[in-house]
Amino acid sequence: MKSLIKIFGLLITILLLTIQFTQAQNKITGSVKDSEANPLPFSNVVLIQPNDSALVKGTVSEADGSFEIKNIDNGNYILQTLMIGYQPSSQTVEVTNQNSSLALNIIMNEDTQSLDEVVVKAQKPLYEKKADRTVVNVQSQITSSSKSVLDVLARSPGVIVNQQNNSISMFGQNGVGIMINGKLSQLPIEAVVQMLNGMNASNVEKIELITSPPVKYDAEGVGGLINIVTKKTPNMGTNGIAALTAGYNQGKILAGNLSLNHRQDRINYFIEYGNRTDDNNQLWLENRTLFGDNFDQTIDIKQDRAFNLTEQNLRAGFSYDLTDKTTVNLLATGHKRNWYMDATANNINRAAPDSTVITTMELNESNIWMDAMIGLGIEHRFNRQHSLDAHFDYLYFVNDNPSNYDIATQINNAIVSESTLKVTKDTPVNFKVSKIDYTNLLSDKFKLQAGAKASLSELENNVIVTDFEQEQWMINNRFTSLAKLKEDVWAGYVSLDWSISDKLKIYSGLRYEFTSTYLSEGVNEGLVDREYGNFFPNFSISNKLAEESTVSLAYSRRITRPSFNEIAPFVFFSGPNTFFAGNPALFPAITDGLDLSYQLKSWWISLKYNTTDNQIQRFQPATNPETGEQIYSSQNMDYFNSWVITSSLPIFITSWWEIQNDISLNHQSFKTHNGFIDKGFTWNANSTLTFSLPKDFTIEASGNYFSEQFMGLWKSQPYGQVDLAIKKAFEKSSLSFSFIDVFDTFNPIDIDGSILNGQGNSHVNLDLNIQSVNITYTKTFGNNKLKSVNLNSGSEDERRRVN
């Protein structure tokens with residue numbers, strides 16, 4: 001089956017990329033501008049018959065105001081131009097073989113009789129299905145204003161967020177890449193999960209769950225890509241959005257977001273800032289049992305975690321039109337996350353019938369992630385058909401993770417030792433990314449894209465562990481480690497969009513990536529020394545069967561490379577007998593996937609099949625039977641296959657009562673690294689009830705449920721939650737109140753696993769304490785009159801996630 005899928009995708013790709021085209025001759029080109037010569041993007045330019053006003057052809061003007069209408073038969077027509085806020089423009093045109101290419105400059109005058117501001121109230125559906133992706137319209141859910149982006153993701157169709165091992169899976173597949181406004185994050189997945197947990201969803205417009213990403217994006221991420229699109233404004237002048245949130249769970253919750261935009265003539269610049277702080281408590285419970293002939297050894301761990309989380313995000317951009325054809329963009333971002341925790345851990349080890357070892361540990365930890373990026377982009381349009389974009393990014397990340405441990409050990413209630421441990425961890429990361437993309441509109445039916453990219457990264461991880469012994473600090477050689485990683489990825493791609501008709505559309509693309517990875521640790525040079533290249537075909541076809549029904553099929557191949565933390569050989573621990581270790585023997589995972597979907601009006605259903613070689617499963621347990629120590633590490637699975645059926649159905653009971661439902665059914669079969677074979681069904685469902693009441697009041701109730709989930713040797717227990725919210729909208733502001741996890745049932749980290757090849761078992765439970773009440777106030781300000789300028793907010797090429 002898997003071989004047939006690969007051959008099918010590759011043959012279709014090669015076939016479509018070798019098609020020869022012809023271009024029509026008759027066309028009308030031109031530009032649409034206002035009376036001050038400013039371009040008017042997104043103007044409707046239509047060609048109609050003069051006798052009955054029947055529509056012949058039409059288009060929408062580009063960002064620079066240009067337009068083009070091709071494949072026009074000979075004859076006389078009326079060219080009409082429409083734009084909200086402007087008086088309609090009409091003129092007669094004649095198209096002949098002798099006059100096959102007309103160039104027109106259209107000037108539109110502002111409609112002084114129109115309103116200064118037009119308010120259009122239209123509720124987007126919560127979920128939308130497209131050929132290669134599912135779109136979550138975040139602002140269609142009231143509770144999003146008080147949630148983090150990670151919270152919204154965890155409640156999206158087919159998405160599972162595991163906060164124990166900091167992973168995100170989509171439609172049964174791990175290895176998901178995260179993009180923000182089309183830029184792939186370079187952060188390790190642990191830091192990405194933490195960053196999303198600190199981002200307020202009130203500043204997010206939509207989330208795209210892309211199962212078959214186009215080949216212009218990096219092939220990284222066997223689970224596909226998740227693109228988080230922040231709010232943008234098309235308004236002229238200076239305007240902005242501000243939001244404040246206050247709440248309480250086990251401590252205070254405070255969050256604020258501010259977005260300022262300015263658009264004038266050739267210039268566009270913006271700045272966005274977000275801050276979130278959360279005081280909370282978590283409870284970690286772990287139990288391990290090691291079976292013996294006459295006695296079962298048990299280890300019980302309890303850890304109380306009081307923490308403070310502060311997250312800050314800054315994004316600023318500048319865009320300037322050098323000419324009507326050339327735009328330069330400058331984008332800068334910054335992010336800081338500070339997690340500070342005071343914890344008390346108690347470890348009770350019943351090692352023998354007459355021996356009990358009790359260990360108490362006081363832990364102070366600070367985990368600080370900081371990153372900054374500056375990017376330069378140049379976009380040039382040679383003409384309407386040809387464009388070239390070049391982007392250059394430099395990124396710097398650093399993780400500072402110091403911690404201190406005071407440990408006291410008792411045997412049969414008698415203190416036998418006391419020790420102090422100090423850990424410093426410093427991880428600087430550097431990325432240099434360059435990318436070029438070329439687009440050629442060969443005709444109305446064909447669009448050709450090609451490009452190349454280079455991503456060069458260097459990372460150093462310095463862990464120093466010291467013990468306080470004999471009145472001095474001594475280096476602990478077991479845990480101290482200095483590891484260095486250098487990874488370069490070179491890529492090129494070509495793709496073709498083919499609109500066979502108004503109903504049938506085909507996309508095909510091929511990407512090649514060459515990867516060079518070199519890892520050293522201490523004196524062990526070349527611990528990982530690999531060079532390999534892979535082809536990644538992509539194909540999708542979409543056919544509109546009727547006015548409101550569409551069927552589509554998509555195929556893609558993806559890769560997930562091991563992250564640095566997964567392959568680095570250093571060992572780190574979270575308790576006296578619990579360790580986290582790297583696995584230098586990890587190999588990249590390759591996934592081939594098919595996605596067949598059908599959409600009828602607002603209802604859609606999809607069937608996905610994925611087969612993965614060397615699936616990477618994080619935090620797999622291994623136990624030392626002599627000491628009872630448990631070691632967690634990532635492992636390659638022998639095989640991993642999944643079938644996923646996903647469906648979304650909105651129900652409109654009345655004009656003021658809507659119910660949005662979605663459900664995913666997943667069958668997985670796999671074999672772990674140690675020969676453990678398992679298979680079974682899992683499912684999850686979401687439902688959101690929205691009541692639109694008079695006086696601009698809205699009430700929302702939402703719930704979700706997750707059955708047990710497979711995670712290699714682990715299996716999680718079912719869990720779910722219910723949220724309630726009410727919102728009052730004013731002219732340029734809104735006030736909302738939300739109650740998150742009403743019944744305190746959200747507990748995704750309640751897992752059981754088999755250890756020692758069935759000679760023991762382990763159970764872990766982490767209570768995240770997300771139940772909270774929140775109030776959010778949102779205000780828009782500035783010039784909200786709909787105008788013309790709609791510039792890009794900086795260099796929006798993708799950033800590859802390299803862990």
# chains A, B, ... in the order shown; residues from 1 in each chain; ligands from 1
>>> residues_around(residues="Thr81 in chain A", least_positions_apart="3", cutoff="10 Å", atoms="only C-alpha atoms", output="PyMOL selection string")
chain A and resi 32+43-47+58-61+78+86-91+106-108
>>> residues_around(residues="Ser419 in chain A", least_positions_apart="4", cutoff="8 Å", atoms="only C-alpha atoms", output="list in words")
Asp406, Ile407, Ala408, Asp467, Phe468 and Glu469 of chain A
>>> write_last_selection(atoms="C-alpha atoms", output="PDB file, in the first residue's frame")
ATOM      1  CA  ASP A 406      18.164  20.302  48.489  1.00  0.00           C
ATOM      2  CA  ILE A 407      17.822  16.554  49.051  1.00  0.00           C
ATOM      3  CA  ALA A 408      17.337  14.645  52.315  1.00  0.00           C
ATOM      4  CA  ASP A 467      27.354  18.698  44.312  1.00  0.00           C
ATOM      5  CA  PHE A 468      28.096  20.422  47.597  1.00  0.00           C
ATOM      6  CA  GLU A 469      30.441  17.992  49.310  1.00  0.00           C
TER       7      GLU A 469
END
>>> residues_around(residues="range 665-677 of chain A", least_positions_apart="2", cutoff="8 Å", atoms="only C-alpha atoms", output="PyMOL selection string")
chain A and resi 171-172+635-646+663+679-684+712-713+757
>>> residues_around(residues="Arg266 in chain A", least_positions_apart="6", cutoff="10 Å", atoms="only C-alpha atoms", output="PyMOL selection string")
chain A and resi 38-39+64+319-324+327+789+791
>>> residues_around(residues="Asn26 in chain A", least_positions_apart="6", cutoff="9 Å", atoms="only C-alpha atoms", output="VMD selection string")
chain A and resid 69 to 74 95 to 97 99 to 102
>>> write_last_selection(atoms="all heavy atoms", output="short mmCIF file (atom, residue, chain, number, x, y, z; two decimals), in the first residue's frame")
data_model
loop_
_atom_site.label_atom_id
_atom_site.label_comp_id
_atom_site.auth_asym_id
_atom_site.auth_seq_id
_atom_site.Cartn_x
_atom_site.Cartn_y
_atom_site.Cartn_z
N ILE A 69 -7.18 40.99 -17.46
CA ILE A 69 -8.24 40.08 -17.89
C ILE A 69 -7.79 39.44 -19.20
O ILE A 69 -7.52 40.14 -20.18
CB ILE A 69 -9.58 40.82 -18.09
CG1 ILE A 69 -9.99 41.53 -16.79
CG2 ILE A 69 -10.67 39.85 -18.51
CD1 ILE A 69 -11.24 42.36 -16.92
N LYS A 70 -7.71 38.10 -19.23
CA LYS A 70 -7.18 37.39 -20.38
C LYS A 70 -8.28 36.62 -21.12
O LYS A 70 -9.41 36.53 -20.66
CB LYS A 70 -6.09 36.41 -19.94
CG LYS A 70 -4.78 37.07 -19.54
CD LYS A 70 -3.76 35.99 -19.23
CE LYS A 70 -2.39 36.58 -18.95
NZ LYS A 70 -1.38 35.52 -18.71
N ASN A 71 -7.88 36.04 -22.27
CA ASN A 71 -8.74 35.14 -23.05
C ASN A 71 -10.07 35.80 -23.40
O ASN A 71 -11.14 35.25 -23.15
CB ASN A 71 -8.99 33.84 -22.28
CG ASN A 71 -7.70 33.10 -21.99
OD1 ASN A 71 -6.76 33.16 -22.76
ND2 ASN A 71 -7.67 32.42 -20.85
N ILE A 72 -10.00 36.99 -24.02
CA ILE A 72 -11.20 37.75 -24.37
C ILE A 72 -11.49 37.57 -25.87
O ILE A 72 -10.60 37.75 -26.71
CB ILE A 72 -11.03 39.24 -24.05
CG1 ILE A 72 -10.60 39.42 -22.58
CG2 ILE A 72 -12.32 40.01 -24.32
CD1 ILE A 72 -10.20 40.84 -22.24
N ASP A 73 -12.73 37.20 -26.17
CA ASP A 73 -13.12 37.10 -27.57
C ASP A 73 -13.24 38.50 -28.20
O ASP A 73 -13.47 39.50 -27.50
CB ASP A 73 -14.46 36.37 -27.69
CG ASP A 73 -14.37 34.93 -27.24
OD1 ASP A 73 -13.27 34.34 -27.34
OD2 ASP A 73 -15.40 34.39 -26.77
N ASN A 74 -13.12 38.56 -29.51
CA ASN A 74 -13.29 39.83 -30.21
C ASN A 74 -14.70 40.37 -29.99
O ASN A 74 -15.68 39.62 -29.96
CB ASN A 74 -13.04 39.65 -31.71
CG ASN A 74 -11.59 39.33 -32.01
OD1 ASN A 74 -10.71 39.59 -31.19
ND2 ASN A 74 -11.33 38.78 -33.19
N VAL A 95 -12.27 45.03 -28.48
CA VAL A 95 -11.19 44.04 -28.56
C VAL A 95 -11.22 43.41 -29.94
O VAL A 95 -12.24 42.84 -30.36
CB VAL A 95 -11.35 42.96 -27.47
CG1 VAL A 95 -10.24 41.92 -27.60
CG2 VAL A 95 -11.34 43.59 -26.09
N THR A 96 -10.10 43.54 -30.65
CA THR A 96 -9.98 42.95 -31.99
C THR A 96 -8.61 42.29 -32.12
O THR A 96 -7.73 42.44 -31.25
CB THR A 96 -10.13 44.03 -33.08
OG1 THR A 96 -9.05 44.95 -32.97
CG2 THR A 96 -11.46 44.77 -32.93
N ASN A 97 -8.43 41.59 -33.21
CA ASN A 97 -7.12 40.98 -33.44
C ASN A 97 -6.04 42.03 -33.62
O ASN A 97 -4.87 41.81 -33.31
CB ASN A 97 -7.17 40.09 -34.70
CG ASN A 97 -8.03 38.86 -34.48
OD1 ASN A 97 -8.20 38.43 -33.35
ND2 ASN A 97 -8.57 38.30 -35.57
N ASN A 99 -6.17 44.89 -32.11
CA ASN A 99 -6.10 45.61 -30.83
C ASN A 99 -6.21 44.59 -29.70
O ASN A 99 -7.09 44.64 -28.86
CB ASN A 99 -7.24 46.63 -30.75
CG ASN A 99 -7.06 47.59 -29.58
OD1 ASN A 99 -5.94 47.77 -29.11
ND2 ASN A 99 -8.14 48.19 -29.13
N SER A 100 -5.29 43.61 -29.73
CA SER A 100 -5.42 42.44 -28.86
C SER A 100 -4.95 42.68 -27.43
O SER A 100 -5.23 41.90 -26.55
CB SER A 100 -4.63 41.26 -29.45
OG SER A 100 -3.25 41.59 -29.55
N SER A 101 -4.21 43.75 -27.18
CA SER A 101 -3.70 44.02 -25.84
C SER A 101 -3.94 45.49 -25.50
O SER A 101 -3.25 46.38 -26.00
CB SER A 101 -2.20 43.70 -25.77
OG SER A 101 -1.69 43.94 -24.48
N LEU A 102 -4.96 45.73 -24.66
CA LEU A 102 -5.29 47.08 -24.24
C LEU A 102 -4.69 47.38 -22.88
O LEU A 102 -4.70 46.53 -21.97
CB LEU A 102 -6.82 47.23 -24.17
CG LEU A 102 -7.59 47.07 -25.49
CD1 LEU A 102 -9.08 47.21 -25.21
CD2 LEU A 102 -7.14 48.10 -26.51
#
>>> residues_around(residues="Ser31 in chain A", least_positions_apart="6", cutoff="6 Å", atoms="only C-alpha atoms", output="PyMOL selection string")
chain A and resi 65-67+105
>>> write_last_selection(atoms="all heavy atoms", output="compact mmCIF listing (two decimals), in the first residue's frame")
# COMPACT_ATOMS: atom_id res chain seq x y z
N GLY A 65 -2.70 47.80 -7.29
CA GLY A 65 -3.76 48.36 -8.12
C GLY A 65 -3.84 47.81 -9.52
O GLY A 65 -4.76 48.12 -10.28
N SER A 66 -2.87 46.97 -9.91
CA SER A 66 -2.86 46.44 -11.28
C SER A 66 -3.89 45.34 -11.45
O SER A 66 -4.29 44.68 -10.51
CB SER A 66 -1.47 45.91 -11.61
OG SER A 66 -1.15 44.81 -10.79
N PHE A 67 -4.31 45.15 -12.70
CA PHE A 67 -5.26 44.08 -13.02
C PHE A 67 -4.98 43.58 -14.42
O PHE A 67 -4.32 44.23 -15.23
CB PHE A 67 -6.71 44.56 -12.89
CG PHE A 67 -7.12 45.55 -13.96
CD1 PHE A 67 -7.66 45.11 -15.17
CD2 PHE A 67 -6.96 46.92 -13.76
CE1 PHE A 67 -8.03 46.02 -16.16
CE2 PHE A 67 -7.33 47.83 -14.74
CZ PHE A 67 -7.87 47.38 -15.95
N ASN A 105 -5.63 52.98 -17.70
CA ASN A 105 -5.42 53.56 -16.38
C ASN A 105 -6.77 54.11 -15.90
O ASN A 105 -7.32 55.02 -16.50
CB ASN A 105 -4.37 54.66 -16.41
CG ASN A 105 -2.99 54.12 -16.74
OD1 ASN A 105 -2.60 53.08 -16.22
ND2 ASN A 105 -2.26 54.82 -17.59
>>> atom_distance(atom1="CA of Asp529 in chain A", atom2="CA of Ile559 in chain A")
18.2 Å
>>> select_by_dssp(residues="range 187-386 of chain A", states="helix (DSSP H, G or I)", output="list in words")
Ile189, Glu190, Ala191, Val192, Val193, Gln194, Met195, Leu196, Asn197, Gly198, Ala201, Ser202 and Asn203 of chain A
>>> closest_residue(among="A:Asp437, A:Glu379, A:Asp752, A:Asp444", to="Tyr217 in chain A", atoms="only C-alpha atoms")
A:Asp437
>>> atom_distance(atom1="CA of Leu153 in chain A", atom2="CA of Leu196 in chain A")
9.1 Å
>>> closest_atom_pairs(of="range 353-404 of chain A", to="range 426-433 of chain A", cutoff="8 Å", atoms="only C-alpha atoms", output="CSV")
residue,atom,partner,partner_atom,distance
A:Phe392,CA,A:Val433,CA,5.8
A:Asp393,CA,A:Val433,CA,5.1
A:Tyr394,CA,A:Lys432,CA,4.9
A:Leu395,CA,A:Phe431,CA,5.0
A:Tyr396,CA,A:Asn430,CA,4.8
A:Phe397,CA,A:Val429,CA,5.0
A:Val398,CA,A:Pro428,CA,4.2
A:Asn399,CA,A:Thr427,CA,4.9
A:Asp400,CA,A:Asp426,CA,4.9
A:Asn401,CA,A:Asp426,CA,6.5
>>> write_last_selection(atoms="N, CA, C and O atoms", output="mmCIF file, in the first residue's frame")
data_model
loop_
_atom_site.group_PDB
_atom_site.id
_atom_site.type_symbol
_atom_site.label_atom_id
_atom_site.label_comp_id
_atom_site.auth_asym_id
_atom_site.auth_seq_id
_atom_site.Cartn_x
_atom_site.Cartn_y
_atom_site.Cartn_z
ATOM 1 N N PHE A 392 15.832 37.169 3.782
ATOM 2 C CA PHE A 392 17.043 36.853 4.534
ATOM 3 C C PHE A 392 16.743 37.074 6.024
ATOM 4 O O PHE A 392 16.376 38.180 6.424
ATOM 5 N N ASP A 393 16.907 36.037 6.816
ATOM 6 C CA ASP A 393 16.601 36.110 8.244
ATOM 7 C C ASP A 393 17.812 35.700 9.073
ATOM 8 O O ASP A 393 18.542 34.771 8.709
ATOM 9 N N TYR A 394 17.998 36.401 10.189
ATOM 10 C CA TYR A 394 18.961 35.964 11.206
ATOM 11 C C TYR A 394 18.201 35.813 12.519
ATOM 12 O O TYR A 394 17.458 36.710 12.921
ATOM 13 N N LEU A 395 18.389 34.647 13.165
ATOM 14 C CA LEU A 395 17.654 34.357 14.391
ATOM 15 C C LEU A 395 18.623 33.931 15.487
ATOM 16 O O LEU A 395 19.595 33.207 15.235
ATOM 17 N N TYR A 396 18.341 34.386 16.680
ATOM 18 C CA TYR A 396 19.165 34.027 17.838
ATOM 19 C C TYR A 396 18.243 33.627 18.985
ATOM 20 O O TYR A 396 17.297 34.357 19.324
ATOM 21 N N PHE A 397 18.495 32.451 19.540
ATOM 22 C CA PHE A 397 17.749 31.972 20.701
ATOM 23 C C PHE A 397 18.725 31.623 21.812
ATOM 24 O O PHE A 397 19.871 31.252 21.561
ATOM 25 N N VAL A 398 18.246 31.716 23.032
ATOM 26 C CA VAL A 398 19.046 31.272 24.164
ATOM 27 C C VAL A 398 18.112 30.756 25.255
ATOM 28 O O VAL A 398 17.051 31.326 25.507
ATOM 29 N N ASN A 399 18.491 29.639 25.852
ATOM 30 C CA ASN A 399 17.750 29.060 26.965
ATOM 31 C C ASN A 399 18.651 29.032 28.195
ATOM 32 O O ASN A 399 19.722 28.424 28.184
ATOM 33 N N ASP A 400 18.218 29.712 29.247
ATOM 34 C CA ASP A 400 18.938 29.757 30.520
ATOM 35 C C ASP A 400 18.078 29.031 31.549
ATOM 36 O O ASP A 400 16.984 29.487 31.869
ATOM 37 N N ASN A 401 18.570 27.890 32.048
ATOM 38 C CA ASN A 401 17.737 27.022 32.887
ATOM 39 C C ASN A 401 18.482 26.581 34.150
ATOM 40 O O ASN A 401 18.870 25.429 34.295
#
>>> closest_residue(among="A:Arg478, A:Lys484, A:Arg557, A:Lys33", to="Leu510 in chain A", atoms="only C-alpha atoms")
A:Arg557
>>> closest_residue(among="A:Gly177, A:Ile84, A:Ile605, A:Gly30", to="Ser549 in chain A", atoms="only C-alpha atoms")
A:Ile605
>>> closest_residue(among="A:Ala242, A:Ala452, A:Ile475, A:Ala352", to="Thr776 in chain A", atoms="only C-alpha atoms")
A:Ala242
>>> atom_distance(atom1="CA of Phe697 in chain A", atom2="CA of Ser733 in chain A")
12.7 Å
>>> closest_atom_pairs(of="range 283-338 of chain A", to="range 252-260 of chain A", cutoff="10 Å", atoms="only C-alpha atoms", output="CSV")
residue,atom,partner,partner_atom,distance
A:Asn308,CA,A:Lys252,CA,9.6
A:Leu309,CA,A:Ile253,CA,9.6
A:Thr310,CA,A:Leu254,CA,9.5
A:Glu311,CA,A:Ala255,CA,9.2
A:Gln312,CA,A:Gly256,CA,9.7
A:Asn313,CA,A:Asn257,CA,9.3
A:Leu314,CA,A:Leu258,CA,9.8
A:Arg315,CA,A:Ser259,CA,9.3
A:Ala316,CA,A:Leu260,CA,9.5
>>> decode(residues="range 743-772 of chain A", atoms="N, CA and C atoms", output="mmCIF file, in the first residue's frame")
data_model
loop_
_atom_site.group_PDB
_atom_site.id
_atom_site.type_symbol
_atom_site.label_atom_id
_atom_site.label_comp_id
_atom_site.auth_asym_id
_atom_site.auth_seq_id
_atom_site.Cartn_x
_atom_site.Cartn_y
_atom_site.Cartn_z
ATOM 1 N N PHE A 743 -16.274 22.143 35.303
ATOM 2 C CA PHE A 743 -16.368 20.986 36.205
ATOM 3 C C PHE A 743 -15.005 20.432 36.611
ATOM 4 N N ASP A 744 -13.930 21.159 36.287
ATOM 5 C CA ASP A 744 -12.575 20.779 36.682
ATOM 6 C C ASP A 744 -12.247 19.343 36.236
ATOM 7 N N THR A 745 -12.500 19.068 34.959
ATOM 8 C CA THR A 745 -12.302 17.719 34.421
ATOM 9 C C THR A 745 -11.190 17.639 33.377
ATOM 10 N N PHE A 746 -10.506 18.765 33.106
ATOM 11 C CA PHE A 746 -9.457 18.763 32.096
ATOM 12 C C PHE A 746 -8.177 18.205 32.713
ATOM 13 N N ASN A 747 -7.847 16.966 32.368
ATOM 14 C CA ASN A 747 -6.678 16.309 32.931
ATOM 15 C C ASN A 747 -6.024 15.441 31.863
ATOM 16 N N PRO A 748 -5.328 16.062 30.896
ATOM 17 C CA PRO A 748 -4.775 15.294 29.772
ATOM 18 C C PRO A 748 -3.577 14.436 30.137
ATOM 19 N N ILE A 749 -2.939 14.719 31.274
ATOM 20 C CA ILE A 749 -1.743 13.955 31.658
ATOM 21 C C ILE A 749 -2.120 13.020 32.795
ATOM 22 N N ASP A 750 -2.837 11.974 32.438
ATOM 23 C CA ASP A 750 -3.205 10.889 33.354
ATOM 24 C C ASP A 750 -2.959 9.609 32.585
ATOM 25 N N ILE A 751 -1.725 9.085 32.669
ATOM 26 C CA ILE A 751 -1.270 8.056 31.737
ATOM 27 C C ILE A 751 -0.748 6.831 32.466
ATOM 28 N N ASP A 752 -0.879 5.687 31.797
ATOM 29 C CA ASP A 752 -0.371 4.409 32.298
ATOM 30 C C ASP A 752 0.550 3.818 31.246
ATOM 31 N N GLY A 753 1.592 3.113 31.723
ATOM 32 C CA GLY A 753 2.526 2.499 30.794
ATOM 33 C C GLY A 753 3.099 1.218 31.343
ATOM 34 N N SER A 754 3.516 0.345 30.412
ATOM 35 C CA SER A 754 4.169 -0.908 30.768
ATOM 36 C C SER A 754 5.675 -0.714 30.696
ATOM 37 N N ILE A 755 6.401 -1.204 31.697
ATOM 38 C CA ILE A 755 7.850 -1.065 31.737
ATOM 39 C C ILE A 755 8.485 -2.429 31.970
ATOM 40 N N LEU A 756 9.775 -2.511 31.704
ATOM 41 C CA LEU A 756 10.544 -3.737 31.892
ATOM 42 C C LEU A 756 9.935 -4.908 31.136
ATOM 43 N N ASN A 757 9.471 -4.623 29.879
ATOM 44 C CA ASN A 757 8.882 -5.666 29.042
ATOM 45 C C ASN A 757 7.787 -6.438 29.764
ATOM 46 N N GLY A 758 6.924 -5.680 30.424
ATOM 47 C CA GLY A 758 5.792 -6.288 31.113
ATOM 48 C C GLY A 758 6.072 -6.686 32.546
ATOM 49 N N GLN A 759 7.312 -6.502 33.042
ATOM 50 C CA GLN A 759 7.646 -6.876 34.416
ATOM 51 C C GLN A 759 7.401 -5.739 35.397
ATOM 52 N N GLY A 760 6.664 -4.723 34.949
ATOM 53 C CA GLY A 760 6.331 -3.605 35.824
ATOM 54 C C GLY A 760 5.367 -2.675 35.121
ATOM 55 N N ASN A 761 4.842 -1.730 35.883
ATOM 56 C CA ASN A 761 3.973 -0.718 35.268
ATOM 57 C C ASN A 761 4.228 0.621 35.931
ATOM 58 N N SER A 762 3.785 1.666 35.247
ATOM 59 C CA SER A 762 4.015 3.026 35.731
ATOM 60 C C SER A 762 2.763 3.851 35.473
ATOM 61 N N HIS A 763 2.476 4.762 36.388
ATOM 62 C CA HIS A 763 1.337 5.674 36.242
ATOM 63 C C HIS A 763 1.797 7.086 36.580
ATOM 64 N N VAL A 764 1.420 8.044 35.729
ATOM 65 C CA VAL A 764 1.777 9.453 35.931
ATOM 66 C C VAL A 764 0.515 10.290 35.820
ATOM 67 N N ASN A 765 0.352 11.240 36.757
ATOM 68 C CA ASN A 765 -0.773 12.170 36.706
ATOM 69 C C ASN A 765 -0.268 13.566 37.050
ATOM 70 N N LEU A 766 -0.550 14.522 36.151
ATOM 71 C CA LEU A 766 -0.182 15.915 36.395
ATOM 72 C C LEU A 766 -1.448 16.761 36.318
ATOM 73 N N ASP A 767 -1.854 17.338 37.430
ATOM 74 C CA ASP A 767 -3.025 18.206 37.480
ATOM 75 C C ASP A 767 -2.586 19.620 37.115
ATOM 76 N N LEU A 768 -3.037 20.100 35.935
ATOM 77 C CA LEU A 768 -2.611 21.401 35.432
ATOM 78 C C LEU A 768 -3.372 22.560 36.059
ATOM 79 N N ASN A 769 -4.502 22.280 36.700
ATOM 80 C CA ASN A 769 -5.297 23.331 37.364
ATOM 81 C C ASN A 769 -5.626 24.489 36.409
ATOM 82 N N ILE A 770 -6.302 24.180 35.304
ATOM 83 C CA ILE A 770 -6.623 25.249 34.347
ATOM 84 C C ILE A 770 -7.958 25.920 34.657
ATOM 85 N N GLN A 771 -8.745 25.370 35.587
ATOM 86 C CA GLN A 771 -10.047 25.980 35.896
ATOM 87 C C GLN A 771 -9.848 27.433 36.329
ATOM 88 N N SER A 772 -10.585 28.345 35.661
ATOM 89 C CA SER A 772 -10.377 29.766 35.945
ATOM 90 C C SER A 772 -11.594 30.572 35.533
#
